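*Asks:* My questions all concern the structure below.
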Amino acid sequence: MPSVKQLQTVLVVDDDKSIVDLMRDFLENDGFHVESAHDTSQALTLMQQILVDCIILDIMMPGQTGFDLCRQIRTTSDVPILFLSARDDDVNKIRGLGLGADDYIVKTASPAEVVARVRAVLRRFGVQQGSRVMSLNYGRLVLDLTAREVRVNGQEISFTPREYELLHLFAEHPRQVFTYEHLLETFWSGVGDKHTVRVHISRIREKIEGDPNNPQYIVNVWGIGYRFEGIPT
C-alpha cells in the first residue's frame with residue numbers, strides 16, 4: 001500500500017464535521033489521503049505545512065467564505081479547487097469559476113460523483129501519483145502553469161497577461177461554455193461588449209490554432225460565447 005507521502009492529498013474545508021467525515025470516507029475509500037480544515041485560517045495554515053493536490057471548499061462558513069479563501073489561494077497557487085455547496089445554484093457556480101475554481105459539487109452528490117470530479121480536475125492539471133506536474137497538456141498545445149508559458153508544437157508563444165488568463169480559463173474547463181457576459185465580467189469588470197471578447201479570442205486563435213478560421217480548440221457557441229475543445233494527454 002502506498003505511504004501517505006505517495007498518496008494524492010485532498011484538503012476538505014468545511015465547518016460541518018459531518019460533511020468532512022463523509023467526504024473523507026468517499027475519498028479515502030478510493031485511495032486518497034485526506035486532510036481537513038474547519039475555517040479559512042486553518043486551511044491556509046495547513047497549506048503552508050503540507051503539499052495539497054486538490055481542495056474541496058465549502059462556500060458558506062463562519063467568518064470568511066469559501067469565495068474569500070479561493071481568492072486568497074489564487075494569488076499564490078494554481079492548486080485545483082472544487083467548490084462544495086448545499087445549493088445547485090447557477091449564480092454561485094459562475095461566481096466560483098470566475099474566482100478561479102475548477103469545478104462545483106453539490107453536497108447531495110453521490111460518492112462516485114465526488115471521486116470522479118476530483119479525479120477529473122487532477123487529470124486536467126496533470127497531477128500524477130506522488131508528484132505534481134503543473135501543466136495542461138492538449139497534445140500540440142501545452143500550458144506550463146508554473147512558468148505561465150504556452151507552447152504550440154514545442155515552441156514557446158508570447159501571450160499578453162490577459163490572453164494567457166483567458167486561455168488558461170478555457171483550457172482548465174474543457175467543454176464548459178463561457179458566455180460573453182461572464183467573460184466580460186471576469187476579465188474586464190463588465191466594461192466593454194461582445195466585440196471586446198471577440199478581438200481577444202481572435203488573437204489567441206492566431207497563436208494556437210493551425211487554421212484560425214477553422215478553430216479546433218476555442219470554438220464558437222453561436223449567440224452565447226465560447227467553449228474549449230480538447231482531450232487532455
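How things are named: the first chain in the C-alpha cells is A, the next is B, and so on; residues count from 1 in each chain; ligands count from 1 in the order shown.
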Identify, on the basis of only C-alpha atoms, every residue whose closest approach to Glu206 of chain A does not exceed 12 Å; exclude the query and any residue fewer than 4 positions from it along the same chain; express the result as a ChimeraX atom specification.

*Replies:* /A:152,157-159,163,199-202,210-218

*Asks:* Store the residues picked out above, limited to C-alpha atoms, as an mmCIF file, in the first residue's frame.

*Replies:*
```cif
data_model
loop_
_atom_site.group_PDB
_atom_site.id
_atom_site.type_symbol
_atom_site.label_atom_id
_atom_site.label_comp_id
_atom_site.auth_asym_id
_atom_site.auth_seq_id
_atom_site.Cartn_x
_atom_site.Cartn_y
_atom_site.Cartn_z
ATOM 1 C CA VAL A 152 2.475 25.122 -29.532
ATOM 2 C CA ILE A 157 4.468 31.523 -27.902
ATOM 3 C CA SER A 158 4.271 35.014 -26.425
ATOM 4 C CA PHE A 159 0.968 35.921 -24.719
ATOM 5 C CA GLU A 163 -4.619 36.470 -23.302
ATOM 6 C CA VAL A 199 -10.940 40.527 -30.574
ATOM 7 C CA HIS A 200 -9.060 38.790 -27.759
ATOM 8 C CA ILE A 201 -10.304 35.331 -28.764
ATOM 9 C CA SER A 202 -9.224 36.063 -32.344
ATOM 10 C CA GLY A 210 -3.412 25.577 -37.085
ATOM 11 C CA ASP A 211 -6.194 27.318 -39.011
ATOM 12 C CA PRO A 212 -7.670 30.255 -37.030
ATOM 13 C CA ASN A 213 -10.664 30.368 -39.393
ATOM 14 C CA ASN A 214 -11.467 26.745 -38.547
ATOM 15 C CA PRO A 215 -10.578 26.568 -34.831
ATOM 16 C CA GLN A 216 -10.082 23.222 -33.120
ATOM 17 C CA TYR A 217 -9.537 24.451 -29.549
ATOM 18 C CA ILE A 218 -11.666 27.544 -28.814
#
```

*Asks:* List every residue of segment 4-230 of chain A that DSSP, applied to the backbone, labels as helix (DSSP H, G or I), and write the result as a ChimeraX atom specification.

*Replies:* /A:17-28,40-49,66-73,90-98,111-124,161-172,180-188,194-208

*Asks:* Going by DSSP on the backbone, which bits of segment 100-221 of chain A are strand (DSSP E)? Write them as a PyMOL selection string, please.

*Replies:* chain A and resi 103-106+127-128+131-132+135-138+141-144+149-152+155-157+178-179+218-221

*Asks:* Ranking A:Asp21, A:Glu229, A:Asp39, A:Asp16 by minimum distance to Val177 of chain A and counting only C-alpha atoms, which one comes first?

*Replies:*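 Among the listed residues, A:Glu229 lies closest to Val177 of chain A.
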
*Asks:* Leaving out segment 109-123 of chain A and any residue of its chain fewer than 4 positions from it, which residues lie within 9 Å of it when counting only C-alpha atoms, given as a ChimeraX atom specification?

*Replies:* /A:10,22-23,25-27,30,53-56,80-82,102-105,127-128,136,172-173,232-233

*Asks:* Extract, using only C-alpha atoms, all DNA, RNA and protein residues at most 10 Å from segment 41-51 of chain A, discarding same-chain residues fewer than 5 positions from it, and format them as a ChimeraX atom specification.

*Replies:* /A:5,8-14,35-36,57,63-64,69,72-73,79,131-132

*Asks:* Return the single residue from A:Leu184, A:Ala147, A:Ile208, A:Ala171 that is closest to Phe228 of chain A, with distances computed using only C-alpha atoms.

*Replies:* A:Ala171
